[in-house]
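Chemist: final-v6.csv is reproduced below (CSV, C-alpha atoms).
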```csv
chain,number,residue,atom,x,y,z
U,23,MET,CA,0.0,0.0,0.0
U,24,GLY,CA,1.3,3.4,-0.9
U,25,ARG,CA,1.7,6.2,1.5
U,26,VAL,CA,-1.0,8.9,1.7
U,27,HIS,CA,0.5,12.2,2.9
U,28,ASP,CA,-0.2,13.6,6.3
U,29,LEU,CA,-3.6,15.4,6.4
U,30,GLY,CA,-2.6,17.7,9.2
U,31,GLY,CA,-5.6,19.2,11.0
U,32,LEU,CA,-7.9,17.5,8.6
U,33,LYS,CA,-6.7,14.0,9.4
U,34,GLY,CA,-9.8,13.1,11.5
U,35,LYS,CA,-12.3,14.6,9.0
U,36,THR,CA,-13.6,12.0,6.6
U,37,MET,CA,-16.1,12.5,3.8
U,38,GLN,CA,-18.5,10.6,1.7
U,39,ILE,CA,-18.0,10.8,-2.1
U,40,GLY,CA,-20.1,9.6,-4.9
U,41,LEU,CA,-17.8,8.7,-7.8
U,42,VAL,CA,-19.2,8.5,-11.3
U,43,GLY,CA,-16.8,6.8,-13.7
U,44,LEU,CA,-14.7,3.9,-12.5
U,45,GLY,CA,-12.1,3.5,-15.2
U,46,ARG,CA,-8.4,3.0,-14.2
U,47,MET,CA,-8.0,6.6,-12.9
U,48,GLY,CA,-11.4,6.7,-11.1
U,49,ALA,CA,-10.8,3.3,-9.5
U,50,ASN,CA,-7.4,4.3,-8.2
U,51,MET,CA,-8.7,7.6,-6.9
U,52,SER,CA,-11.3,5.6,-5.0
U,53,ARG,CA,-8.5,3.4,-3.5
U,54,ARG,CA,-6.6,6.5,-2.4
U,55,TRP,CA,-9.7,8.0,-0.8
U,56,LEU,CA,-10.4,4.8,1.0
U,57,ARG,CA,-6.8,4.7,2.4
U,58,ALA,CA,-7.4,8.1,3.8
U,59,GLY,CA,-10.6,6.9,5.6
U,60,HIS,CA,-13.2,8.4,3.2
U,61,THR,CA,-16.3,6.5,2.1
U,62,VAL,CA,-16.7,6.1,-1.7
U,63,VAL,CA,-19.9,5.0,-3.4
U,64,GLY,CA,-19.2,4.2,-7.0
U,65,TYR,CA,-21.2,4.1,-10.2
U,66,ALA,CA,-20.2,2.9,-13.7
U,67,ARG,CA,-22.4,2.2,-16.8
U,68,HIS,CA,-21.4,-1.4,-16.6
U,69,ALA,CA,-22.4,-3.3,-13.5
U,70,GLU,CA,-19.5,-5.7,-13.8
U,71,THR,CA,-17.1,-2.8,-13.3
U,72,VAL,CA,-18.8,-1.9,-10.0
U,73,ASP,CA,-19.0,-5.5,-9.0
U,74,GLY,CA,-15.3,-6.1,-9.7
U,75,LEU,CA,-14.2,-3.0,-7.7
U,76,LEU,CA,-16.5,-4.1,-4.8
U,77,ALA,CA,-14.9,-7.6,-4.9
U,78,ASP,CA,-11.4,-5.9,-4.9
U,79,GLU,CA,-12.5,-3.7,-1.9
U,80,ALA,CA,-11.8,-0.6,-4.0
U,81,LEU,CA,-15.2,0.9,-3.2
U,82,SER,CA,-17.2,1.3,0.1
U,83,ALA,CA,-20.4,0.6,-1.8
U,84,GLY,CA,-21.7,0.4,-5.4
U,85,ALA,CA,-24.7,1.9,-7.2
U,86,THR,CA,-26.7,0.5,-10.0
U,87,SER,CA,-27.8,3.9,-11.4
U,88,LEU,CA,-27.2,7.6,-10.7
U,89,LYS,CA,-30.5,7.7,-8.8
U,90,ASP,CA,-29.2,4.9,-6.6
U,91,LEU,CA,-25.9,6.6,-6.2
U,92,VAL,CA,-27.5,9.9,-5.0
U,93,GLY,CA,-29.9,8.0,-2.7
U,94,GLN,CA,-26.9,6.4,-0.9
U,95,LEU,CA,-25.3,9.7,-0.1
U,96,ALA,CA,-26.0,12.0,2.9
U,97,SER,CA,-26.8,15.7,2.2
U,98,PRO,CA,-25.0,17.8,1.3
U,99,ARG,CA,-23.7,15.4,-1.3
U,100,VAL,CA,-20.3,15.4,-3.0
U,101,LEU,CA,-20.3,13.8,-6.5
U,102,TRP,CA,-17.1,13.5,-8.5
U,103,LEU,CA,-17.3,12.9,-12.2
U,104,MET,CA,-14.5,11.0,-13.9
U,105,VAL,CA,-16.2,10.7,-17.3
U,106,PRO,CA,-14.9,11.8,-20.8
U,107,ALA,CA,-15.4,15.5,-21.5
U,108,ALA,CA,-18.0,14.7,-24.2
U,109,ALA,CA,-20.1,12.8,-21.6
U,110,VAL,CA,-20.3,15.5,-18.9
U,111,ASP,CA,-23.3,17.3,-20.1
U,112,ALA,CA,-25.4,14.1,-20.6
U,113,THR,CA,-24.3,12.9,-17.1
U,114,LEU,CA,-25.3,16.3,-15.6
U,115,ASP,CA,-28.7,16.2,-17.4
U,116,GLU,CA,-29.5,13.0,-15.6
U,117,LEU,CA,-27.8,13.8,-12.3
U,118,VAL,CA,-28.8,17.4,-11.5
U,119,PRO,CA,-32.6,16.7,-11.1
U,120,LEU,CA,-31.7,14.3,-8.4
U,121,LEU,CA,-29.6,16.8,-6.4
U,122,SER,CA,-30.4,19.4,-3.7
U,123,ARG,CA,-29.3,22.8,-2.8
U,124,ASP,CA,-25.7,22.9,-1.4
U,125,ASP,CA,-24.7,19.6,-3.1
U,126,VAL,CA,-21.3,19.8,-4.9
U,127,ILE,CA,-20.4,18.4,-8.3
U,128,VAL,CA,-16.7,18.1,-9.2
U,129,ASP,CA,-15.8,17.5,-12.8
U,130,GLY,CA,-12.4,15.8,-12.5
U,131,GLY,CA,-11.9,15.4,-16.2
U,132,ASN,CA,-10.4,17.6,-18.9
U,133,SER,CA,-13.4,19.7,-19.9
U,134,TYR,CA,-13.0,22.8,-21.9
U,135,TYR,CA,-13.0,25.7,-19.4
U,136,VAL,CA,-15.7,27.6,-21.3
U,137,ASP,CA,-18.0,24.6,-20.8
U,138,ASP,CA,-17.2,24.6,-17.1
U,139,ILE,CA,-18.0,28.3,-16.8
U,140,ARG,CA,-21.4,27.6,-18.5
U,141,ARG,CA,-22.1,24.6,-16.3
U,142,SER,CA,-21.1,26.5,-13.1
U,143,GLY,CA,-23.5,29.4,-14.0
U,144,ALA,CA,-26.4,27.1,-14.6
U,145,LEU,CA,-25.9,25.0,-11.5
U,146,THR,CA,-25.3,28.1,-9.3
U,147,LYS,CA,-28.9,29.2,-10.1
U,148,ALA,CA,-30.1,25.8,-8.7
U,149,GLY,CA,-28.0,26.3,-5.6
U,150,ILE,CA,-25.6,23.5,-6.6
U,151,HIS,CA,-21.8,24.1,-6.4
U,152,TYR,CA,-19.8,23.1,-9.5
U,153,LEU,CA,-16.0,22.7,-9.2
U,154,ASP,CA,-13.7,22.2,-12.2
U,155,CYS,CA,-10.8,20.0,-11.1
U,156,GLY,CA,-8.5,18.9,-13.9
U,157,THR,CA,-6.9,15.7,-12.5
U,158,SER,CA,-3.6,14.5,-13.7
U,159,GLY,CA,-1.6,11.4,-12.6
U,160,GLY,CA,-3.0,8.5,-14.6
U,161,VAL,CA,-2.7,5.0,-13.1
U,162,ALA,CA,0.5,6.1,-11.3
U,163,GLY,CA,-1.6,8.5,-9.2
U,164,LEU,CA,-2.5,5.7,-6.9
U,165,GLU,CA,1.0,5.6,-5.5
U,166,ARG,CA,2.3,9.0,-6.5
U,167,GLY,CA,-0.8,11.2,-6.0
U,168,TYR,CA,-2.6,13.4,-8.4
U,169,CYS,CA,-2.0,16.9,-9.5
U,170,LEU,CA,-5.2,18.9,-9.1
U,171,MET,CA,-6.1,22.1,-10.8
U,172,ILE,CA,-9.2,23.2,-8.8
U,173,GLY,CA,-11.5,26.0,-9.8
U,174,GLY,CA,-14.8,27.0,-8.2
U,175,PRO,CA,-16.4,28.8,-5.3
U,176,ALA,CA,-13.9,29.1,-2.4
U,177,GLY,CA,-16.3,27.8,0.2
U,178,ALA,CA,-17.0,24.6,-1.7
U,179,VAL,CA,-13.3,24.1,-2.4
U,180,ARG,CA,-12.5,24.5,1.3
U,181,ARG,CA,-15.3,22.1,2.3
U,182,LEU,CA,-13.8,19.4,0.0
U,183,ASP,CA,-10.3,20.0,1.1
U,184,PRO,CA,-10.0,16.6,2.9
U,185,ILE,CA,-10.7,14.8,-0.4
U,186,PHE,CA,-8.3,17.0,-2.3
U,187,ARG,CA,-5.6,16.4,0.2
U,188,ALA,CA,-6.1,12.7,0.1
U,189,LEU,CA,-5.5,12.7,-3.7
U,190,ALA,CA,-2.6,15.2,-3.8
U,191,PRO,CA,1.0,13.9,-3.7
U,192,GLY,CA,1.9,16.0,-0.6
U,193,VAL,CA,4.6,18.5,0.1
U,194,ASP,CA,7.3,15.8,0.3
U,195,ALA,CA,6.7,14.5,-3.2
U,196,ALA,CA,9.0,17.0,-4.9
U,197,PRO,CA,12.2,18.7,-3.8
U,198,ARG,CA,11.6,22.1,-2.0
U,199,THR,CA,12.4,25.2,-4.0
U,200,PRO,CA,15.7,26.6,-2.7
U,201,GLY,CA,15.1,29.2,0.0
U,202,ARG,CA,11.6,27.9,0.8
U,203,THR,CA,10.7,26.1,4.0
U,204,GLY,CA,7.5,25.0,5.8
U,205,GLU,CA,4.1,24.0,4.6
U,206,PRO,CA,2.3,25.9,1.8
U,207,ASP,CA,-0.8,27.8,2.8
```
Show me, as structure tokens, the structure contained in the file I just sent.

Modeler:
Amino acid sequence: MGRVHDLGGLKGKTMQIGLVGLGRMGANMSRRWLRAGHTVVGYARHAETVDGLLADEALSAGATSLKDLVGQLASPRVLWLMVPAAAVDATLDELVPLLSRDDVIVDGGNSYYVDDIRRSGALTKAGIHYLDCGTSGGVAGLERGYCLMIGGPAGAVRRLDPIFRALAPGVDAAPRTPGRTGEPD
């Protein structure tokens, strides 16, 4: 098992995450969250994908549909999408009517920023927070961590900090810049 970096003051704070998209990257992100003590309910279009990850203990629970996924999460919900950029709008069309005010959707894929701005504006009107979080690390991210490029409302980003920290490589993953010491803000 790889090392997950120290979570500092957030170490005891665990979260529940609904993960949509359980390909190689999504599955490994789930494993990393589980190692940090979070609960991950996963959904994929193919039931055998969910079943395989449950058998491998790479998910806390599995869902048979987006409605089932949302129903298993406590409010306010956190849903992380790891689907191809071309599938985000169709996924949101099905997912958003199931959500409530103050829920958060994170698009962890490589969506075009203009699309993210449009989605964020539409979801804000419904009281749903939308975060764009380009996630890089591939299958090696399980052991090395993932680089995260997070954009969205500051309050929602802070609220999800424990799950971001669980994915990130940590301060010790790269040599310090000469002259710099201590933890980043």

Chemist: Using all atoms listed in the file, which protein or nucleic acid residues come within 7 Å of Met104 (chain U)? Drop anything in the same chain fewer than 3 positions from it, and give the result as an NGL selection string.

Modeler: :U and (42-43 or 48 or 129-131)

Chemist: Using all atoms listed in the file for the distances, tell me which of U:Gln94, U:Thr157, U:Ser87, U:Thr199 is nearest to Thr113 (chain U).

Modeler: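 The closest residue to Thr113 (chain U) is U:Ser87.
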
Chemist: In Å, with one decimal, what is the gap from CA of Val161 (chain U) to CA of Gly59 (chain U)?

Modeler: 20.4 Å

Chemist: Within 12 Å of Thr86 (chain U), counting all atoms listed in the file, which residues qualify if same-chain residues fewer than 2 places away don't, as a list in words?

Modeler: Val42, Val63, Gly64, Tyr65, Ala66, Arg67, His68, Ala69, Glu70, Thr71, Val72, Asp73, Ala83, Gly84, Leu88, Lys89, Asp90, Leu91, Val92, Gly93 and Gln94 of chain U

Chemist: I need the residues from that last selection saved to file as a short mmCIF file (atom, residue, chain, number, x, y, z; two decimals), in the coordinates of the input (with C-alpha atoms), if you can.

Modeler:
```cif
data_model
loop_
_atom_site.label_atom_id
_atom_site.label_comp_id
_atom_site.auth_asym_id
_atom_site.auth_seq_id
_atom_site.Cartn_x
_atom_site.Cartn_y
_atom_site.Cartn_z
CA VAL U 42 -19.20 8.50 -11.30
CA VAL U 63 -19.90 5.00 -3.40
CA GLY U 64 -19.20 4.20 -7.00
CA TYR U 65 -21.20 4.10 -10.20
CA ALA U 66 -20.20 2.90 -13.70
CA ARG U 67 -22.40 2.20 -16.80
CA HIS U 68 -21.40 -1.40 -16.60
CA ALA U 69 -22.40 -3.30 -13.50
CA GLU U 70 -19.50 -5.70 -13.80
CA THR U 71 -17.10 -2.80 -13.30
CA VAL U 72 -18.80 -1.90 -10.00
CA ASP U 73 -19.00 -5.50 -9.00
CA ALA U 83 -20.40 0.60 -1.80
CA GLY U 84 -21.70 0.40 -5.40
CA LEU U 88 -27.20 7.60 -10.70
CA LYS U 89 -30.50 7.70 -8.80
CA ASP U 90 -29.20 4.90 -6.60
CA LEU U 91 -25.90 6.60 -6.20
CA VAL U 92 -27.50 9.90 -5.00
CA GLY U 93 -29.90 8.00 -2.70
CA GLN U 94 -26.90 6.40 -0.90
#
```

Chemist: Pick from U:Pro98, U:Gly40, U:Tyr168, U:Leu114: nearest to Gly149 (chain U), with all atoms listed in the file counted?

Modeler: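 Under the stated criterion, the closest residue is U:Pro98.
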
Chemist: Show which residues sit within 9 Å of Gly156 (chain U), as an MDAnalysis selection string. Count all atoms listed in the file, and ignore same-chain residues fewer than 6 positions away.

Modeler: chainID U and resid 129:133 169:173

Chemist: Find the distance between CA of Val128 (chain U) and CA of His151 (chain U) and write it in Å to one decimal.

Modeler: 8.4 Å

Chemist: What are the centre and the three edge lengths of an axis-aligned box that wraps all atoms of region 59-77 of chain U in the file, given that 5 Å is added to every side, written as lines of an AutoDock Vina configuration file and rounded to one decimal in Å?

Modeler:
```
center_x = -16.5
center_y = 0.4
center_z = -5.6
size_x = 21.8
size_y = 26.0
size_z = 32.4
```

Chemist: Between U:Gly192, U:Gly159, U:Pro197, U:Pro106, which is the closest to Tyr134 (chain U) once you count all atoms listed in the file?

Modeler: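 That would be U:Pro106, the residue with the smallest distance to Tyr134 (chain U).
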
Chemist: Taking 6 positions as the minimum chain separation for residues in the same chain, which residues sit within 12 Å of region 176-178 of chain U when counting all atoms listed in the file? Answer as a list of chain:residue names.

Modeler: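 So the residues in contact are U:Pro98, U:Arg99, U:Val100, U:Asp124, U:Asp125, U:Val126, U:Ile127, U:Val128, U:Thr146, U:Gly149, U:Ile150, U:His151, U:Tyr152, U:Leu153, U:Asp154, U:Pro184, U:Ile185, U:Phe186.
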
Chemist: Just the number, please: distance in Å from CA of Leu182 (chain U) to CA of Ala58 (chain U), one decimal.

Modeler: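 So the two atoms, CA of Leu182 (chain U) and CA of Ala58 (chain U), lie 13.5 Å apart.
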
Chemist: Ranking U:Ile139, U:Leu81, U:Ala108, U:Leu76 by minimum distance to Ser52 (chain U) and counting all atoms listed in the file, which one comes first?

Modeler: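 Checking each candidate against Ser52 (chain U), we get U:Leu81 as the closest.
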
Chemist: Pick from U:Leu121, U:Leu75, U:Val179, U:Ala49: nearest to Cys155 (chain U), with all atoms listed in the file counted?

Modeler: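 Closest candidate: U:Val179.
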
Chemist: Could you check the closest approach to Arg53 (chain U) for each of U:Ala96, U:Ala112, U:Ser142, U:Gly167 and tell me which residue wins, using all atoms listed in the file?

Modeler: U:Gly167
